[in-house]
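*Asks:* Have a peek at start-v9.txt (compact mmCIF, C-alpha atoms).
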# COMPACT_ATOMS: atom_id res chain seq x y z
CA MET A 1 4.88 11.97 -45.97
CA SER A 2 2.24 14.68 -46.06
CA ALA A 3 -1.17 14.79 -44.46
CA THR A 4 -3.70 17.55 -44.85
CA PHE A 5 -6.62 17.63 -42.48
CA GLU A 6 -9.86 19.40 -43.25
CA GLY A 7 -10.88 19.33 -39.62
CA PRO A 8 -9.10 18.86 -36.32
CA THR A 9 -5.89 16.83 -36.42
CA PRO A 10 -5.56 13.54 -34.53
CA GLY A 11 -3.14 15.26 -32.14
CA PHE A 12 -5.69 17.95 -31.34
CA LEU A 13 -8.45 15.36 -30.79
CA VAL A 14 -6.23 13.27 -28.49
CA TRP A 15 -5.36 16.40 -26.53
CA ARG A 16 -9.02 17.48 -26.27
CA LEU A 17 -10.14 14.02 -25.19
CA SER A 18 -7.39 13.82 -22.58
CA MET A 19 -8.42 17.25 -21.23
CA LYS A 20 -12.11 16.28 -21.21
CA TRP A 21 -11.26 13.08 -19.33
CA ARG A 22 -8.94 14.83 -16.86
CA VAL A 23 -11.55 17.45 -15.99
CA ALA A 24 -14.31 14.86 -15.66
CA VAL A 25 -12.23 12.63 -13.38
CA ASP A 26 -11.11 15.64 -11.31
CA ARG A 27 -14.76 16.59 -10.75
CA ALA A 28 -15.76 13.01 -10.01
CA VAL A 29 -13.09 12.30 -7.38
CA VAL A 30 -12.91 15.69 -5.64
CA PRO A 31 -15.65 14.67 -3.17
CA LEU A 32 -13.29 11.86 -2.10
CA GLY A 33 -10.47 14.35 -1.50
CA LEU A 34 -8.52 13.38 -4.61
CA THR A 35 -7.34 14.99 -7.82
CA HIS A 36 -7.12 13.10 -11.10
CA ALA A 37 -3.35 12.75 -10.71
CA GLN A 38 -3.73 11.45 -7.17
CA TYR A 39 -6.42 9.05 -8.35
CA SER A 40 -4.09 7.75 -11.08
CA LEU A 41 -1.44 7.13 -8.46
CA VAL A 42 -3.62 5.38 -5.84
CA ALA A 43 -5.56 3.32 -8.41
CA SER A 44 -2.30 2.16 -9.99
CA LEU A 45 -0.85 1.48 -6.56
CA LEU A 46 -3.87 -0.65 -5.64
CA GLY A 47 -3.53 -2.64 -8.87
CA MET A 48 0.20 -3.18 -8.31
CA GLU A 49 -0.39 -4.23 -4.69
CA ARG A 50 -3.02 -6.76 -5.83
CA SER A 51 -0.30 -8.22 -8.08
CA GLY A 52 1.99 -8.57 -5.07
CA VAL A 53 4.20 -5.57 -5.93
CA ARG A 54 5.14 -2.88 -3.45
CA PRO A 55 6.49 -0.39 -5.96
CA SER A 56 9.09 2.28 -5.54
CA GLN A 57 8.16 5.83 -6.46
CA ARG A 58 10.20 5.33 -9.67
CA GLN A 59 8.31 2.15 -10.58
CA LEU A 60 5.01 3.91 -9.99
CA ALA A 61 6.16 6.85 -12.10
CA ASP A 62 7.09 4.49 -14.94
CA HIS A 63 3.74 2.70 -14.63
CA THR A 64 1.61 5.86 -14.62
CA GLY A 65 3.63 7.92 -17.08
CA LEU A 66 3.99 10.69 -14.50
CA GLU A 67 7.32 12.38 -13.84
CA PRO A 68 9.19 10.90 -10.84
CA LEU A 69 9.41 14.29 -9.11
CA TYR A 70 5.64 14.72 -9.50
CA VAL A 71 5.00 11.23 -8.11
CA SER A 72 7.16 12.15 -5.12
CA LYS A 73 5.10 15.30 -4.49
CA LEU A 74 1.83 13.42 -4.92
CA ALA A 75 3.00 10.65 -2.59
CA ARG A 76 3.91 13.19 0.10
CA ALA A 77 0.47 14.82 -0.17
CA LEU A 78 -1.25 11.42 -0.08
CA GLU A 79 0.86 10.43 2.91
CA ALA A 80 -0.16 13.64 4.71
CA ALA A 81 -3.81 12.77 3.95
CA GLY A 82 -3.34 9.31 5.49
CA LEU A 83 -3.87 7.44 2.22
CA VAL A 84 -0.32 6.30 1.43
CA GLU A 85 2.65 5.10 3.43
CA ARG A 86 6.19 5.81 2.24
CA ALA A 87 9.00 3.58 3.49
CA PRO A 88 12.67 3.13 2.62
CA ASP A 89 13.27 0.38 0.08
CA PRO A 90 15.32 -2.33 1.81
CA ALA A 91 16.98 -3.22 -1.52
CA ASP A 92 17.94 0.38 -2.43
CA THR A 93 18.60 3.01 0.22
CA ARG A 94 17.97 5.79 -2.32
CA ALA A 95 14.49 4.51 -3.19
CA VAL A 96 11.17 4.88 -1.41
CA GLN A 97 8.48 2.21 -1.55
CA LEU A 98 4.80 3.12 -1.51
CA SER A 99 1.78 1.31 -0.14
CA LEU A 100 -1.82 2.22 0.55
CA THR A 101 -3.08 2.52 4.10
CA ALA A 102 -6.34 0.78 5.01
CA HIS A 103 -8.07 4.15 4.65
CA GLY A 104 -6.29 4.67 1.32
CA ARG A 105 -7.56 1.33 0.01
CA ALA A 106 -11.14 2.20 1.01
CA VAL A 107 -11.00 5.63 -0.65
CA THR A 108 -9.34 4.15 -3.74
CA ARG A 109 -12.03 1.48 -4.13
CA ARG A 110 -14.76 4.14 -3.94
CA ALA A 111 -12.87 6.32 -6.45
CA ILE A 112 -12.47 3.39 -8.85
CA THR A 113 -16.23 2.77 -8.72
CA VAL A 114 -16.93 6.43 -9.51
CA VAL A 115 -14.40 6.57 -12.35
CA GLN A 116 -15.67 3.25 -13.75
CA ARG A 117 -19.17 4.76 -14.04
CA LEU A 118 -17.67 7.76 -15.79
CA LEU A 119 -15.78 5.49 -18.19
CA ASP A 120 -18.98 3.57 -18.94
CA GLN A 121 -20.66 6.88 -19.77
CA LEU A 122 -17.79 7.97 -22.03
CA LEU A 123 -17.71 4.68 -23.94
CA GLU A 124 -21.48 4.26 -24.28
CA PRO A 125 -21.57 5.76 -27.83
CA MET A 126 -19.01 3.12 -28.88
CA GLY A 127 -20.99 0.18 -27.51
CA GLY A 128 -19.74 0.34 -23.93
CA LEU A 129 -16.65 -1.02 -22.28
CA ASP A 130 -17.15 -4.49 -23.78
CA GLY A 131 -18.11 -3.28 -27.26
CA PRO A 132 -16.04 -4.28 -30.30
CA ARG A 133 -15.36 -0.62 -31.19
CA THR A 134 -13.99 -0.02 -27.69
CA GLU A 135 -11.78 -3.08 -28.06
CA VAL A 136 -10.36 -1.68 -31.31
CA LEU A 137 -9.91 1.76 -29.76
CA THR A 138 -8.07 0.24 -26.80
CA ARG A 139 -5.68 -1.65 -29.11
CA GLU A 140 -5.07 1.48 -31.21
CA LEU A 141 -4.40 3.62 -28.14
CA ALA A 142 -1.98 0.99 -26.80
CA ILE A 143 -0.09 1.12 -30.11
CA LEU A 144 0.17 4.90 -29.87
CA LEU A 145 1.32 4.74 -26.24
CA ASP A 146 4.00 2.20 -27.17
CA THR A 147 5.32 4.40 -29.97
CA PRO A 148 8.43 6.28 -28.81
CA LEU A 149 8.38 10.03 -29.30
CA ASP A 150 12.01 10.68 -28.43
CA ILE A 151 12.79 11.87 -31.92
CA PRO A 152 16.11 13.70 -32.38
CA PRO A 153 15.79 17.31 -33.53
CA VAL A 154 15.81 17.81 -37.29
CA ASP A 155 16.68 20.94 -39.21
CA ILE A 156 13.50 21.97 -41.02
CA PRO A 157 13.66 24.65 -43.70
CA PRO A 158 11.44 27.64 -42.78
CA ASP A 159 9.36 27.28 -45.96
CA SER A 160 8.67 23.57 -45.35
CA PRO A 161 5.07 22.51 -44.70
CA HIS A 162 6.48 20.88 -41.55
CA SER A 163 8.10 24.04 -40.19
CA PRO A 164 7.10 25.07 -36.64
CA ASP A 165 4.61 27.67 -37.93
CA PRO A 166 2.81 25.94 -40.81
CA PRO A 167 -0.13 27.65 -42.47
CA GLY A 168 -3.57 26.61 -41.25
CA PRO A 169 -4.92 25.74 -37.83
CA PRO A 170 -2.36 24.72 -35.17
CA ASP A 171 -2.31 21.20 -33.82
CA PHE A 172 -2.99 22.60 -30.36
CA PRO A 173 -4.67 25.88 -29.44
CA THR A 174 -2.39 28.66 -28.37
CA GLU A 175 -3.03 31.46 -25.96
CA GLU A 176 -3.05 34.91 -27.44
For this file, write the structure as structure tokens.
*Replies:*
Amino acid sequence: MSATFEGPTPGFLVWRLSMKWRVAVDRAVVPLGLTHAQYSLVASLLGMERSGVRPSQRQLADHTGLEPLYVSKLARALEAAGLVERAPDPADTRAVQLSLTAHGRAVTRRAITVVQRLLDQLLEPMGGLDGPRTEVLTRELAILLDTPLDIPPVDIPPDSPHSPDPPGPPDFPTEE
């Protein structure tokens, strides 16, 4: 299976879009005292609470795709800011459950409104959030997110086009 790209690779474009989105969300939510990662945590927490779930830090990590240790650090910072409450899980003494405070819910709702406007702006060239192209993009992204990347290491001959240093532009920029 060989693919030659004349322009940027799909991996590079996904990376660039994720960086563009992260920076835009960071800038949009900083006036509310949040970072993008914190926003991801509180917005997910609000959604889970609306579904009747009081998640553990592990469950929230699994939901957001963030590392459990990072979720723990974010939760502590959000607790210090008065946005999140951490409590022992009655079903598992090793686990900590998270919930939003009243202030946390108010800040999260404002942040969701701001990020929703940003998302509308991003998706406008594709027909907006309800456009058919956005619907296709959403399905395609879900497929990619559901694809496992835990591939066992493979011995690749150094002269293979798939060796770690192939000729041509790298998939991701490197610092020099």
*Asks:* Using Å and a single decimal, report how far atom CA of Leu98 of chain A sits from atom CA of Pro55 of chain A.
*Replies:*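 Separation of atom CA of Pro55 of chain A and atom CA of Leu98 of chain A: 5.9 Å.
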*Asks:* Counting only C-alpha atoms, which residue out of A:Arg54, A:His36, A:Arg22, A:Arg27 sits closest to Ala87 of chain A?
*Replies:*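 Among A:Arg54, A:His36, A:Arg22, A:Arg27, it is A:Arg54 that comes nearest to Ala87 of chain A.
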*Asks:* Write out as a tab-separated table (two decimals) with C-alpha atoms, in the frame of the given file each polymer residue whose atoms come within 9 Å of Ala61 of chain A, counting all atoms listed in the file; drop sequence neighbours fewer than 5 positions from it.
*Replies:*
chain	number	residue	atom	x	y	z
A	41	LEU	CA	-1.44	7.13	-8.46
A	56	SER	CA	9.09	2.28	-5.54
A	66	LEU	CA	3.99	10.69	-14.50
A	67	GLU	CA	7.32	12.38	-13.84
A	68	PRO	CA	9.19	10.90	-10.84
A	69	LEU	CA	9.41	14.29	-9.11
A	70	TYR	CA	5.64	14.72	-9.50
A	71	VAL	CA	5.00	11.23	-8.11
A	72	SER	CA	7.16	12.15	-5.12
*Asks:* For the atom pair atom CA of Arg105 of chain A and atom CA of Ala81 of chain A, what is the interatomic distance in Å to one decimal place?
*Replies:*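 So the two atoms, atom CA of Arg105 of chain A and atom CA of Ala81 of chain A, lie 12.7 Å apart.
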*Asks:* What does the structure give for the distance between atom CA of Leu32 of chain A and atom CA of Gly65 of chain A, in Å to one decimal?
*Replies:*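 That distance, rounded to one decimal, is 22.9 Å.
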*Asks:* Got a sec: who's within 10 Å of Gln97 of chain A, counting only C-alpha atoms, leaving out chain neighbours fewer than 4 positions off, as a list of chain:residue names?
*Replies:* A:Val53, A:Arg54, A:Pro55, A:Ser56, A:Gln57, A:Arg58, A:Gln59, A:Leu60, A:Glu85, A:Arg86, A:Ala87, A:Pro88, A:Asp89, A:Pro90, A:Asp92
*Asks:* For a quick check of understanding, using all atoms listed in the file, which of A:Val14, A:Leu145, A:Val42, A:Val136 has the smallest distance to His103 of chain A?
*Replies:* A:Val42
*Asks:* Which residue gives the smallest distance to Val84 of chain A among A:Ala28, A:Leu45, A:Leu13, A:Leu119, with only C-alpha atoms counted?
*Replies:*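 Looking only at the distances to Val84 of chain A, the closest residue turns out to be A:Leu45.
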*Asks:* Considering all atoms listed in the file, can you say which of A:Ala43, A:Leu118, A:Ala111, A:Ala80 comes closest to Trp21 of chain A?
*Replies:* A:Leu118
*Asks:* Quick one: residues within 10 Å of Asp120 of chain A, all atoms listed in the file, excluding same-chain residues fewer than 6 positions away - as number ranges by chain?
*Replies:* A: 126-130
*Asks:* Name the closest residue to Ala106 of chain A among the candidates A:Ser44, A:Ala77, A:Lys20, A:Leu83; distances are taken between atoms, counting all atoms listed in the file.
*Replies:*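 Closest residue, counting all atoms listed in the file: A:Leu83.
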*Asks:* Would you place a box with edges along x, y and z of the file around all atoms of segment 115-129 of chain A listed there, add 6 Å to each of its six sides, and report the centre and edge lengths in Å to one decimal, as JSON?
*Replies:*
{"center_x": -18.0, "center_y": 3.5, "center_z": -20.6, "size_x": 19.2, "size_y": 21.0, "size_z": 28.5}
*Asks:* Which is closest to Gln38 of chain A among A:Thr108, A:Thr147, A:Thr9, A:Thr134, if we use all atoms listed in the file?
*Replies:* A:Thr108
*Asks:* With a distance cut-off of 7 Å and all atoms listed in the file, select the neighbouring residues of Gly82 of chain A, excluding the residue or stretch itself and same-chain residues fewer than 3 positions from it, and output the selection as a count of residues only.
*Replies:* 4
*Asks:* Could you rebuild segment 122-143 of chain A with N, CA, C and O atoms and give it back as a CSV table (one decimal), keeping the file's coordinate frame?
*Replies:*
chain,number,residue,atom,x,y,z
A,122,LEU,N,-18.6,7.5,-20.9
A,122,LEU,CA,-17.8,8.0,-22.0
A,122,LEU,C,-17.8,7.0,-23.2
A,122,LEU,O,-18.0,7.4,-24.4
A,123,LEU,N,-17.8,5.7,-22.9
A,123,LEU,CA,-17.7,4.7,-23.9
A,123,LEU,C,-19.1,4.2,-24.5
A,123,LEU,O,-19.1,3.4,-25.4
A,124,GLU,N,-20.1,4.7,-23.9
A,124,GLU,CA,-21.5,4.3,-24.3
A,124,GLU,C,-21.7,4.4,-25.8
A,124,GLU,O,-22.2,3.5,-26.4
A,125,PRO,N,-21.3,5.6,-26.4
A,125,PRO,CA,-21.6,5.8,-27.8
A,125,PRO,C,-20.8,4.8,-28.7
A,125,PRO,O,-21.1,4.6,-29.9
A,126,MET,N,-19.8,4.1,-28.1
A,126,MET,CA,-19.0,3.1,-28.9
A,126,MET,C,-19.4,1.7,-28.6
A,126,MET,O,-18.7,0.7,-28.9
A,127,GLY,N,-20.5,1.5,-27.9
A,127,GLY,CA,-21.0,0.2,-27.5
A,127,GLY,C,-20.6,-0.3,-26.1
A,127,GLY,O,-20.7,-1.4,-25.8
A,128,GLY,N,-20.1,0.7,-25.3
A,128,GLY,CA,-19.7,0.3,-23.9
A,128,GLY,C,-18.4,-0.2,-23.8
A,128,GLY,O,-17.6,-0.5,-24.8
A,129,LEU,N,-18.0,-0.5,-22.6
A,129,LEU,CA,-16.6,-1.0,-22.3
A,129,LEU,C,-16.4,-2.3,-23.0
A,129,LEU,O,-15.2,-2.6,-23.4
A,130,ASP,N,-17.4,-3.2,-23.2
A,130,ASP,CA,-17.2,-4.5,-23.8
A,130,ASP,C,-17.5,-4.5,-25.3
A,130,ASP,O,-17.4,-5.6,-25.9
A,131,GLY,N,-17.8,-3.3,-25.8
A,131,GLY,CA,-18.1,-3.3,-27.3
A,131,GLY,C,-16.9,-3.5,-28.2
A,131,GLY,O,-15.8,-3.2,-27.8
A,132,PRO,N,-17.1,-4.0,-29.4
A,132,PRO,CA,-16.0,-4.3,-30.3
A,132,PRO,C,-15.3,-3.0,-30.7
A,132,PRO,O,-14.1,-3.0,-30.9
A,133,ARG,N,-16.0,-1.9,-30.8
A,133,ARG,CA,-15.4,-0.6,-31.2
A,133,ARG,C,-14.4,-0.2,-30.1
A,133,ARG,O,-13.4,0.4,-30.3
A,134,THR,N,-14.8,-0.4,-28.8
A,134,THR,CA,-14.0,0.0,-27.7
A,134,THR,C,-12.8,-0.9,-27.7
A,134,THR,O,-11.7,-0.4,-27.4
A,135,GLU,N,-12.9,-2.2,-28.0
A,135,GLU,CA,-11.8,-3.1,-28.1
A,135,GLU,C,-10.8,-2.6,-29.1
A,135,GLU,O,-9.6,-2.6,-28.8
A,136,VAL,N,-11.2,-2.2,-30.3
A,136,VAL,CA,-10.4,-1.7,-31.3
A,136,VAL,C,-9.7,-0.4,-30.9
A,136,VAL,O,-8.5,-0.2,-31.0
A,137,LEU,N,-10.5,0.5,-30.3
A,137,LEU,CA,-9.9,1.8,-29.8
A,137,LEU,C,-8.8,1.5,-28.7
A,137,LEU,O,-7.7,2.1,-28.8
A,138,THR,N,-9.0,0.6,-27.8
A,138,THR,CA,-8.1,0.2,-26.8
A,138,THR,C,-6.8,-0.3,-27.4
A,138,THR,O,-5.7,0.1,-27.0
A,139,ARG,N,-6.9,-1.1,-28.4
A,139,ARG,CA,-5.7,-1.6,-29.1
A,139,ARG,C,-4.9,-0.5,-29.8
A,139,ARG,O,-3.7,-0.4,-29.7
A,140,GLU,N,-5.7,0.4,-30.5
A,140,GLU,CA,-5.1,1.5,-31.2
A,140,GLU,C,-4.4,2.4,-30.2
A,140,GLU,O,-3.3,2.9,-30.5
A,141,LEU,N,-5.0,2.7,-29.1
A,141,LEU,CA,-4.4,3.6,-28.1
A,141,LEU,C,-3.1,3.0,-27.6
A,141,LEU,O,-2.1,3.7,-27.3
A,142,ALA,N,-3.2,1.7,-27.3
A,142,ALA,CA,-2.0,1.0,-26.8
A,142,ALA,C,-0.8,1.1,-27.8
A,142,ALA,O,0.3,1.3,-27.4
A,143,ILE,N,-1.1,1.0,-29.1
A,143,ILE,CA,-0.1,1.1,-30.1
A,143,ILE,C,0.5,2.5,-30.0
A,143,ILE,O,1.7,2.7,-30.1
